[in-house]
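Q: Provided herewith: data_8.txt, compact mmCIF, C-alpha atoms.
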```txt
# COMPACT_ATOMS: atom_id res chain seq x y z
CA MET A 1 -22.32 -1.88 -1.28
CA GLU A 2 -24.28 0.94 -2.84
CA ASP A 3 -25.81 1.57 0.58
CA ALA A 4 -22.37 1.58 2.23
CA LEU A 5 -20.97 3.98 -0.37
CA SER A 6 -23.99 6.22 0.15
CA GLN A 7 -23.40 6.28 3.90
CA LEU A 8 -19.82 7.38 3.33
CA ALA A 9 -20.80 10.06 0.82
CA GLN A 10 -23.76 11.40 2.81
CA ASP A 11 -21.80 11.90 6.03
CA PRO A 12 -18.16 12.53 5.02
CA ASP A 13 -17.34 14.23 8.34
CA ARG A 14 -17.50 10.77 9.94
CA ALA A 15 -15.61 8.86 7.26
CA ALA A 16 -12.15 8.16 5.84
CA ILE A 17 -10.91 7.41 2.34
CA LEU A 18 -7.72 5.34 2.58
CA LEU A 19 -5.75 4.31 -0.49
CA ASP A 20 -2.71 2.38 -1.56
CA VAL A 21 -0.57 4.22 -4.13
CA ASP A 22 1.35 2.03 -6.59
CA GLY A 23 -0.99 -0.04 -8.76
CA THR A 24 -3.99 1.66 -7.17
CA LEU A 25 -3.59 5.35 -7.97
CA ALA A 26 -0.42 5.17 -10.05
CA PRO A 27 -0.49 2.52 -12.80
CA ILE A 28 2.16 -0.20 -12.46
CA VAL A 29 5.37 0.54 -14.38
CA THR A 30 8.62 -1.34 -14.93
CA ARG A 31 10.52 0.54 -12.20
CA PRO A 32 9.19 2.34 -9.09
CA GLU A 33 10.90 5.62 -9.96
CA LEU A 34 8.85 5.79 -13.19
CA ALA A 35 5.50 5.74 -11.40
CA ALA A 36 3.16 8.72 -11.72
CA VAL A 37 -0.26 9.62 -10.37
CA PRO A 38 -2.31 11.12 -13.23
CA GLU A 39 -3.18 14.78 -12.77
CA GLU A 40 -6.91 14.07 -13.08
CA THR A 41 -6.58 11.59 -10.20
CA ARG A 42 -4.64 14.12 -8.16
CA ALA A 43 -7.36 16.72 -8.71
CA GLU A 44 -10.00 14.26 -7.47
CA LEU A 45 -7.94 13.45 -4.38
CA ARG A 46 -7.73 17.15 -3.54
CA ARG A 47 -11.51 17.34 -3.73
CA LEU A 48 -11.83 14.40 -1.35
CA VAL A 49 -9.37 15.98 1.11
CA GLY A 50 -11.64 19.01 1.32
CA ARG A 51 -14.71 16.84 1.87
CA TYR A 52 -13.83 13.90 4.16
CA ALA A 53 -12.67 13.79 7.77
CA LEU A 54 -9.59 11.89 6.62
CA VAL A 55 -7.94 11.05 3.33
CA GLY A 56 -4.87 8.88 3.81
CA PHE A 57 -2.33 7.03 1.71
CA VAL A 58 -0.90 3.78 3.06
CA SER A 59 2.09 2.81 0.98
CA GLY A 60 5.00 0.44 0.76
CA ARG A 61 7.08 3.48 -0.15
CA THR A 62 8.40 5.75 2.56
CA GLY A 63 5.92 8.36 3.68
CA MET A 64 8.07 11.09 2.12
CA ALA A 65 8.28 9.26 -1.21
CA ALA A 66 4.52 8.61 -1.19
CA ARG A 67 3.87 12.29 -0.49
CA GLU A 68 6.11 13.31 -3.40
CA LEU A 69 4.40 10.86 -5.74
CA VAL A 70 0.80 11.66 -4.78
CA GLY A 71 1.41 15.39 -4.44
CA VAL A 72 -1.69 16.18 -2.37
CA ASP A 73 -1.55 18.38 0.74
CA GLY A 74 -3.85 17.97 3.74
CA ALA A 75 -3.76 14.16 3.64
CA ALA A 76 -2.13 11.60 5.95
CA TYR A 77 0.75 9.47 4.68
CA ALA A 78 1.72 6.18 6.35
CA GLY A 79 4.87 4.72 4.81
CA VAL A 80 6.70 1.40 4.62
CA HIS A 81 3.57 -0.67 5.29
CA GLY A 82 3.04 1.05 8.63
CA LEU A 83 6.57 0.42 9.94
CA GLU A 84 7.24 4.15 10.15
CA LEU A 85 4.64 4.28 12.92
CA GLU A 86 6.50 1.66 15.01
CA PRO A 87 9.61 2.98 16.89
CA GLU A 88 11.02 -0.52 17.54
CA ALA A 89 11.54 -1.00 13.80
CA ASP A 90 14.52 1.38 13.88
CA ALA A 91 16.70 -1.26 15.56
CA TRP A 92 16.58 -3.32 12.35
CA ARG A 93 18.10 -0.71 10.04
CA ALA A 94 21.62 -2.13 10.51
CA PRO A 95 20.76 -5.78 9.64
CA LEU A 96 19.08 -4.51 6.47
CA ARG A 97 22.16 -2.59 5.23
CA PRO A 98 24.03 -5.58 3.68
CA PHE A 99 20.94 -6.50 1.69
CA ALA A 100 20.51 -2.91 0.48
CA ALA A 101 24.06 -3.11 -0.90
CA ALA A 102 23.44 -6.42 -2.70
CA ASP A 103 24.50 -6.86 -6.30
CA TRP A 104 21.03 -6.81 -7.82
CA PRO A 105 19.91 -4.54 -10.68
CA TRP A 106 16.69 -3.31 -9.11
CA VAL A 107 17.11 -2.80 -5.36
CA GLU A 108 14.85 -0.33 -3.56
CA ASP A 109 16.20 0.74 -0.17
CA LYS A 110 13.44 2.18 2.01
CA GLY A 111 15.47 2.37 5.21
CA LEU A 112 13.17 0.09 7.20
CA THR A 113 12.76 -2.41 4.36
CA VAL A 114 14.68 -3.47 1.27
CA ALA A 115 12.83 -4.50 -1.89
CA PHE A 116 14.19 -6.58 -4.77
CA HIS A 117 12.27 -6.18 -8.03
CA TRP A 118 12.44 -8.54 -10.98
CA ARG A 119 9.86 -7.11 -13.40
CA GLU A 120 12.57 -6.33 -16.01
CA ALA A 121 14.57 -9.53 -15.53
CA PRO A 122 15.27 -11.34 -18.83
CA ASP A 123 14.53 -14.66 -17.11
CA GLU A 124 11.92 -14.06 -14.42
CA GLU A 125 11.91 -17.67 -13.23
CA ALA A 126 15.69 -17.64 -12.67
CA ALA A 127 15.48 -14.24 -10.97
CA ARG A 128 12.82 -15.45 -8.55
CA ALA A 129 14.89 -18.55 -7.76
CA GLU A 130 17.90 -16.36 -6.98
CA LEU A 131 15.79 -14.15 -4.75
CA ALA A 132 14.53 -17.21 -2.89
CA GLU A 133 18.13 -17.64 -1.72
CA VAL A 134 18.20 -13.98 -0.63
CA ALA A 135 14.99 -14.57 1.31
CA GLU A 136 16.55 -17.53 3.12
CA ARG A 137 19.64 -15.50 4.11
CA ALA A 138 17.33 -12.79 5.41
CA ARG A 139 15.46 -15.31 7.57
CA LEU A 140 18.75 -16.43 9.12
CA VAL A 141 19.41 -12.93 10.48
CA GLY A 142 15.85 -12.54 11.75
CA LEU A 143 14.29 -10.54 8.92
CA GLU A 144 10.94 -11.44 7.37
CA PRO A 145 10.67 -11.94 3.58
CA HIS A 146 7.41 -10.89 1.91
CA TRP A 147 6.56 -11.65 -1.72
CA GLY A 148 4.44 -9.26 -3.79
CA ARG A 149 3.84 -8.40 -7.44
CA LYS A 150 7.26 -9.35 -8.89
CA VAL A 151 8.99 -8.07 -5.77
CA LEU A 152 10.63 -9.57 -2.69
CA GLU A 153 10.62 -7.25 0.30
CA LEU A 154 12.66 -7.85 3.46
CA ARG A 155 11.15 -6.40 6.63
CA PRO A 156 11.93 -6.28 10.35
CA PRO A 157 10.12 -8.82 12.57
CA VAL A 158 7.93 -6.06 13.98
CA HIS A 159 4.16 -6.35 14.18
CA ALA A 160 3.26 -3.67 11.68
CA ASP A 161 1.46 -3.86 8.38
CA LYS A 162 -1.03 -1.86 6.38
CA GLY A 163 -3.75 -3.12 8.70
CA THR A 164 -2.12 -1.69 11.81
CA ALA A 165 -1.53 1.56 9.93
CA VAL A 166 -5.18 1.76 8.91
CA ARG A 167 -6.37 1.14 12.47
CA SER A 168 -3.95 3.71 13.84
CA LEU A 169 -5.11 6.40 11.41
CA LEU A 170 -8.78 5.72 12.14
CA GLU A 171 -8.41 5.46 15.92
CA GLU A 172 -6.42 8.68 16.06
CA ARG A 173 -9.44 10.49 14.62
CA SER A 174 -12.16 8.30 16.21
CA LEU A 175 -13.61 7.34 12.84
CA GLY A 176 -15.78 4.26 12.37
CA ARG A 177 -16.47 4.50 8.64
CA ALA A 178 -13.92 3.98 5.88
CA LEU A 179 -13.15 2.87 2.35
CA TYR A 180 -9.81 1.29 1.51
CA ALA A 181 -8.57 0.47 -2.00
CA GLY A 182 -5.50 -1.58 -2.92
CA ASP A 183 -4.08 -3.99 -5.46
CA ASP A 184 -1.50 -6.26 -3.79
CA SER A 185 -1.08 -8.88 -1.09
CA THR A 186 -0.12 -6.26 1.52
CA ASP A 187 -3.51 -4.63 0.97
CA LEU A 188 -5.21 -7.73 2.33
CA ASP A 189 -3.85 -6.62 5.72
CA ALA A 190 -5.42 -3.21 5.18
CA PHE A 191 -8.74 -4.87 4.32
CA ARG A 192 -8.58 -6.68 7.68
CA GLY A 193 -7.83 -3.34 9.35
CA LEU A 194 -11.40 -2.31 8.53
CA ASP A 195 -12.93 -5.24 10.43
CA GLY A 196 -15.40 -4.14 13.06
CA LEU A 197 -16.14 -0.71 11.62
CA GLU A 198 -19.68 0.62 11.42
CA VAL A 199 -19.27 1.03 7.65
CA ALA A 200 -16.41 -0.61 5.73
CA VAL A 201 -15.83 -0.77 1.97
CA ARG A 202 -12.89 -2.80 0.65
CA VAL A 203 -12.03 -2.14 -2.99
CA ALA A 204 -9.70 -4.41 -4.97
CA VAL A 205 -7.91 -3.02 -8.01
CA VAL A 206 -7.30 -6.24 -9.90
CA SER A 207 -5.06 -7.19 -12.82
CA GLY A 208 -3.50 -10.29 -14.25
CA GLU A 209 -0.95 -10.10 -11.44
CA ALA A 210 -3.47 -9.73 -8.63
CA PRO A 211 -2.57 -11.96 -5.66
CA ARG A 212 -4.71 -14.89 -4.70
CA GLY A 213 -7.59 -13.92 -2.46
CA LEU A 214 -7.64 -10.19 -3.22
CA ARG A 215 -10.79 -10.31 -5.34
CA GLU A 216 -12.53 -12.61 -2.86
CA ALA A 217 -11.69 -10.39 0.12
CA ALA A 218 -13.06 -7.25 -1.53
CA ASP A 219 -16.53 -5.78 -1.34
CA LEU A 220 -16.04 -4.09 -4.72
CA VAL A 221 -13.72 -4.87 -7.62
CA VAL A 222 -12.40 -2.48 -10.26
CA GLU A 223 -10.13 -3.46 -13.12
CA SER A 224 -7.68 -0.54 -13.16
CA PRO A 225 -6.64 2.74 -11.50
CA ALA A 226 -8.80 4.50 -14.10
CA GLU A 227 -11.88 2.58 -12.93
CA LEU A 228 -11.03 3.39 -9.32
CA LEU A 229 -10.96 7.06 -10.25
CA GLU A 230 -14.53 6.76 -11.54
CA LEU A 231 -15.56 5.20 -8.22
CA LEU A 232 -13.88 7.97 -6.23
CA ARG A 233 -15.83 10.52 -8.24
CA GLU A 234 -19.02 9.05 -6.79
CA LEU A 235 -17.85 9.94 -3.28
```
Can you dump the structure from the file as structure tokens?

A:
Amino acid sequence: MEDALSQLAQDPDRAAILLDVDGTLAPIVTRPELAAVPEETRAELRRLVGRYALVGFVSGRTGMAARELVGVDGAAYAGVHGLELEPEADAWRAPLRPFAAADWPWVEDKGLTVAFHWREAPDEEAARAELAEVAERARLVGLEPHWGRKVLELRPPVHADKGTAVRSLLEERSLGRALYAGDDSTDLDAFRGLDGLEVAVRVAVVSGEAPRGLREAADLVVESPAELLELLREL
């Protein structure tokens, strides 16, 4: 991997740095609205924007929310796991509305998806069991439930994920070299989006909540957003 990192750093005009946001750049917090990207990380991202052909952020948040959180101009933002890049996803906004209005303490309405968090639930096992019923109701109306780090997200049945977003961003700029870093199950799709590239570096930001297979699918593993920052400084 040192050779692959060197190839990225030595020829940045041919390479992309693509990053998840929550849990990767912004440390995990109890509620999404409390997340923050450290200023030292933001400064490093600005340096990378001025150096690489593409710096992009591929987030489960909306693109606008990701842009507000990261706060870096000159970068690409792909929101809602790539669904914002797929016009057919708009037809599923109406079926999602009843779930967005559900009586649940921590609902995150992203327009094209609805996320139910249970990180602050007093009984996490009971909360997950209740959300399993929500997931089944969503299936009955054609939506697709996805489980992540103490979150259930309901999505349209549209072929879009972080992998399709990664490929779209790279193909748009004809780039064949890239690094992607992420911390959750959705980032496994982004890892697969790098398949077939001339140079590909997959970085897992792991924790005690890391999903099964993330570490094994990665080329490099760091233990925290702070360690990822040190890696980015090498680029």

Q: Taking all atoms listed in the file into account, which of A:Gly23, A:Glu88, A:Asp189, A:Leu45 comes nearest Val222 of chain A?

A: A:Gly23

Q: Name the closest residue to Gln7 of chain A among the candidates A:Thr186, A:Arg192, A:Pro98, A:Gly176; distances are taken between atoms, counting only C-alpha atoms.

A: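 Among the listed residues, the smallest separation from Gln7 of chain A belongs to A:Gly176.
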
Q: What does the distance from atom CA of Arg167 of chain A to atom CA of Leu194 of chain A come to in Å, to one decimal?

A: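 Separation of atom CA of Arg167 of chain A and atom CA of Leu194 of chain A: 7.3 Å.
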
Q: Write out as a ChimeraX atom specification the residues lying within 10 Å of Glu198 of chain A, counting all atoms listed in the file and excluding same-chain residues fewer than 5 positions away.

A: /A:4,175-178

Q: The centre and edge lengths of an axis-aligned box containing all atoms of segment 2-7 of chain A present in the file, extended by 5 Å on each side, are to be given in Å to one decimal, as JSON.

A:
```
{"center_x": -23.4, "center_y": 3.6, "center_z": 0.5, "size_x": 14.8, "size_y": 15.3, "size_z": 16.7}
```

Q: Any chance you could turn segment 19-149 of chain A into a file with C-alpha atoms, as a PDB file, in the first residue's frame?

A:
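Output (decode.pdb):
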```pdb
ATOM      1  CA  LEU A  19     -14.283  10.320   1.810  1.00  0.00           C
ATOM      2  CA  ASP A  20     -17.277   9.440   3.905  1.00  0.00           C
ATOM      3  CA  VAL A  21     -18.157  12.112   6.486  1.00  0.00           C
ATOM      4  CA  ASP A  22     -19.793  10.871   9.702  1.00  0.00           C
ATOM      5  CA  GLY A  23     -17.498   8.546  11.643  1.00  0.00           C
ATOM      6  CA  THR A  24     -14.728   9.135   9.109  1.00  0.00           C
ATOM      7  CA  LEU A  25     -14.035  12.873   9.233  1.00  0.00           C
ATOM      8  CA  ALA A  26     -16.481  13.832  11.984  1.00  0.00           C
ATOM      9  CA  PRO A  27     -16.284  11.647  15.104  1.00  0.00           C
ATOM     10  CA  ILE A  28     -19.476   9.728  15.922  1.00  0.00           C
ATOM     11  CA  VAL A  29     -21.789  11.564  18.330  1.00  0.00           C
ATOM     12  CA  THR A  30     -25.109  10.726  19.969  1.00  0.00           C
ATOM     13  CA  ARG A  31     -27.192  12.677  17.428  1.00  0.00           C
ATOM     14  CA  PRO A  32     -26.372  13.624  13.804  1.00  0.00           C
ATOM     15  CA  GLU A  33     -26.981  17.336  14.387  1.00  0.00           C
ATOM     16  CA  LEU A  34     -24.159  17.363  16.962  1.00  0.00           C
ATOM     17  CA  ALA A  35     -21.515  16.163  14.500  1.00  0.00           C
ATOM     18  CA  ALA A  36     -18.557  18.409  13.694  1.00  0.00           C
ATOM     19  CA  VAL A  37     -15.519  18.165  11.453  1.00  0.00           C
ATOM     20  CA  PRO A  38     -12.485  19.411  13.421  1.00  0.00           C
ATOM     21  CA  GLU A  39     -10.956  22.595  12.075  1.00  0.00           C
ATOM     22  CA  GLU A  40      -7.543  20.947  11.650  1.00  0.00           C
ATOM     23  CA  THR A  41      -9.205  18.299   9.462  1.00  0.00           C
ATOM     24  CA  ARG A  42     -10.985  20.975   7.470  1.00  0.00           C
ATOM     25  CA  ALA A  43      -7.693  22.773   6.859  1.00  0.00           C
ATOM     26  CA  GLU A  44      -6.134  19.557   5.557  1.00  0.00           C
ATOM     27  CA  LEU A  45      -9.073  18.943   3.238  1.00  0.00           C
ATOM     28  CA  ARG A  46      -8.652  22.415   1.764  1.00  0.00           C
ATOM     29  CA  ARG A  47      -5.015  21.594   1.048  1.00  0.00           C
ATOM     30  CA  LEU A  48      -6.041  18.388  -0.721  1.00  0.00           C
ATOM     31  CA  VAL A  49      -8.644  20.247  -2.813  1.00  0.00           C
ATOM     32  CA  GLY A  50      -5.881  22.484  -4.127  1.00  0.00           C
ATOM     33  CA  ARG A  51      -3.655  19.512  -4.931  1.00  0.00           C
ATOM     34  CA  TYR A  52      -5.778  16.647  -6.335  1.00  0.00           C
ATOM     35  CA  ALA A  53      -7.860  16.385  -9.496  1.00  0.00           C
ATOM     36  CA  LEU A  54     -10.863  15.569  -7.325  1.00  0.00           C
ATOM     37  CA  VAL A  55     -11.714  15.645  -3.649  1.00  0.00           C
ATOM     38  CA  GLY A  56     -15.214  14.354  -2.976  1.00  0.00           C
ATOM     39  CA  PHE A  57     -17.443  13.549  -0.036  1.00  0.00           C
ATOM     40  CA  VAL A  58     -19.892  10.669  -0.362  1.00  0.00           C
ATOM     41  CA  SER A  59     -22.354  10.829   2.495  1.00  0.00           C
ATOM     42  CA  GLY A  60     -25.563   9.392   3.826  1.00  0.00           C
ATOM     43  CA  ARG A  61     -26.557  12.976   4.574  1.00  0.00           C
ATOM     44  CA  THR A  62     -28.004  15.146   1.846  1.00  0.00           C
ATOM     45  CA  GLY A  63     -25.383  16.809  -0.295  1.00  0.00           C
ATOM     46  CA  MET A  64     -26.344  20.204   1.145  1.00  0.00           C
ATOM     47  CA  ALA A  65     -26.059  18.949   4.726  1.00  0.00           C
ATOM     48  CA  ALA A  66     -22.705  17.309   3.983  1.00  0.00           C
ATOM     49  CA  ARG A  67     -21.436  20.549   2.445  1.00  0.00           C
ATOM     50  CA  GLU A  68     -22.504  22.506   5.530  1.00  0.00           C
ATOM     51  CA  LEU A  69     -20.843  20.014   7.858  1.00  0.00           C
ATOM     52  CA  VAL A  70     -17.556  19.665   5.966  1.00  0.00           C
ATOM     53  CA  GLY A  71     -17.355  23.345   5.045  1.00  0.00           C
ATOM     54  CA  VAL A  72     -14.841  22.981   2.210  1.00  0.00           C
ATOM     55  CA  ASP A  73     -15.304  24.710  -1.151  1.00  0.00           C
ATOM     56  CA  GLY A  74     -14.054  23.307  -4.459  1.00  0.00           C
ATOM     57  CA  ALA A  75     -14.984  19.710  -3.598  1.00  0.00           C
ATOM     58  CA  ALA A  76     -17.730  17.413  -4.928  1.00  0.00           C
ATOM     59  CA  TYR A  77     -20.564  16.328  -2.640  1.00  0.00           C
ATOM     60  CA  ALA A  78     -22.684  13.243  -3.373  1.00  0.00           C
ATOM     61  CA  GLY A  79     -25.548  12.915  -0.904  1.00  0.00           C
ATOM     62  CA  VAL A  80     -27.973  10.272   0.350  1.00  0.00           C
ATOM     63  CA  HIS A  81     -25.703   7.357  -0.604  1.00  0.00           C
ATOM     64  CA  GLY A  82     -25.717   8.417  -4.249  1.00  0.00           C
ATOM     65  CA  LEU A  83     -29.517   8.605  -4.568  1.00  0.00           C
ATOM     66  CA  GLU A  84     -29.334  12.321  -5.341  1.00  0.00           C
ATOM     67  CA  LEU A  85     -27.625  11.372  -8.609  1.00  0.00           C
ATOM     68  CA  GLU A  86     -30.535   9.105  -9.665  1.00  0.00           C
ATOM     69  CA  PRO A  87     -33.643  10.967 -11.010  1.00  0.00           C
ATOM     70  CA  GLU A  88     -35.944   7.930 -10.617  1.00  0.00           C
ATOM     71  CA  ALA A  89     -35.527   8.102  -6.838  1.00  0.00           C
ATOM     72  CA  ASP A  90     -37.791  11.176  -6.705  1.00  0.00           C
ATOM     73  CA  ALA A  91     -40.890   9.033  -7.289  1.00  0.00           C
ATOM     74  CA  TRP A  92     -40.380   7.458  -3.855  1.00  0.00           C
ATOM     75  CA  ARG A  93     -40.578  10.653  -1.812  1.00  0.00           C
ATOM     76  CA  ALA A  94     -44.322  10.202  -1.188  1.00  0.00           C
ATOM     77  CA  PRO A  95     -44.127   6.602   0.165  1.00  0.00           C
ATOM     78  CA  LEU A  96     -41.404   7.769   2.551  1.00  0.00           C
ATOM     79  CA  ARG A  97     -43.507  10.598   4.069  1.00  0.00           C
ATOM     80  CA  PRO A  98     -45.523   8.459   6.549  1.00  0.00           C
ATOM     81  CA  PHE A  99     -42.305   7.000   7.924  1.00  0.00           C
ATOM     82  CA  ALA A 100     -40.752  10.457   8.279  1.00  0.00           C
ATOM     83  CA  ALA A 101     -43.749  11.420  10.445  1.00  0.00           C
ATOM     84  CA  ALA A 102     -43.446   8.333  12.664  1.00  0.00           C
ATOM     85  CA  ASP A 103     -43.561   8.672  16.434  1.00  0.00           C
ATOM     86  CA  TRP A 104     -39.897   7.972  17.076  1.00  0.00           C
ATOM     87  CA  PRO A 105     -37.547  10.198  19.107  1.00  0.00           C
ATOM     88  CA  TRP A 106     -34.679  10.286  16.635  1.00  0.00           C
ATOM     89  CA  VAL A 107     -35.973  10.397  13.055  1.00  0.00           C
ATOM     90  CA  GLU A 108     -33.774  11.906  10.339  1.00  0.00           C
ATOM     91  CA  ASP A 109     -35.706  12.857   7.210  1.00  0.00           C
ATOM     92  CA  LYS A 110     -33.385  13.184   4.215  1.00  0.00           C
ATOM     93  CA  GLY A 111     -36.103  13.504   1.589  1.00  0.00           C
ATOM     94  CA  LEU A 112     -35.020  10.447  -0.388  1.00  0.00           C
ATOM     95  CA  THR A 113     -34.442   8.317   2.713  1.00  0.00           C
ATOM     96  CA  VAL A 114     -35.642   8.233   6.312  1.00  0.00           C
ATOM     97  CA  ALA A 115     -33.296   7.162   9.105  1.00  0.00           C
ATOM     98  CA  PHE A 116     -34.269   5.927  12.568  1.00  0.00           C
ATOM     99  CA  HIS A 117     -31.501   6.211  15.159  1.00  0.00           C
ATOM    100  CA  TRP A 118     -31.409   4.389  18.476  1.00  0.00           C
ATOM    101  CA  ARG A 119     -28.011   5.365  19.916  1.00  0.00           C
ATOM    102  CA  GLU A 120     -29.666   7.185  22.869  1.00  0.00           C
ATOM    103  CA  ALA A 121     -32.392   4.618  23.496  1.00  0.00           C
ATOM    104  CA  PRO A 122     -32.579   3.515  27.154  1.00  0.00           C
ATOM    105  CA  ASP A 123     -33.114  -0.079  25.996  1.00  0.00           C
ATOM    106  CA  GLU A 124     -31.267  -0.571  22.716  1.00  0.00           C
ATOM    107  CA  GLU A 125     -32.408  -4.169  22.283  1.00  0.00           C
ATOM    108  CA  ALA A 126     -36.081  -3.176  22.606  1.00  0.00           C
ATOM    109  CA  ALA A 127     -35.561  -0.221  20.275  1.00  0.00           C
ATOM    110  CA  ARG A 128     -34.015  -2.413  17.595  1.00  0.00           C
ATOM    111  CA  ALA A 129     -36.872  -4.904  17.916  1.00  0.00           C
ATOM    112  CA  GLU A 130     -39.392  -2.099  17.432  1.00  0.00           C
ATOM    113  CA  LEU A 131     -37.519  -0.855  14.388  1.00  0.00           C
ATOM    114  CA  ALA A 132     -37.540  -4.360  12.927  1.00  0.00           C
ATOM    115  CA  GLU A 133     -41.321  -3.940  12.720  1.00  0.00           C
ATOM    116  CA  VAL A 134     -40.843  -0.575  10.981  1.00  0.00           C
ATOM    117  CA  ALA A 135     -38.502  -2.267   8.510  1.00  0.00           C
ATOM    118  CA  GLU A 136     -41.131  -4.901   7.718  1.00  0.00           C
ATOM    119  CA  ARG A 137     -43.824  -2.253   7.086  1.00  0.00           C
ATOM    120  CA  ALA A 138     -41.392  -0.468   4.785  1.00  0.00           C
ATOM    121  CA  ARG A 139     -40.806  -3.655   2.792  1.00  0.00           C
ATOM    122  CA  LEU A 140     -44.555  -4.036   2.285  1.00  0.00           C
ATOM    123  CA  VAL A 141     -44.732  -0.690   0.448  1.00  0.00           C
ATOM    124  CA  GLY A 142     -41.657  -1.453  -1.653  1.00  0.00           C
ATOM    125  CA  LEU A 143     -38.982   0.392   0.312  1.00  0.00           C
ATOM    126  CA  GLU A 144     -35.633  -1.179   1.201  1.00  0.00           C
ATOM    127  CA  PRO A 145     -34.470  -1.234   4.845  1.00  0.00           C
ATOM    128  CA  HIS A 146     -30.735  -0.902   5.491  1.00  0.00           C
ATOM    129  CA  TRP A 147     -29.128  -1.387   8.907  1.00  0.00           C
ATOM    130  CA  GLY A 148     -26.042   0.589   9.939  1.00  0.00           C
ATOM    131  CA  ARG A 149     -24.296   1.721  13.114  1.00  0.00           C
TER     132      ARG A 149
END
```
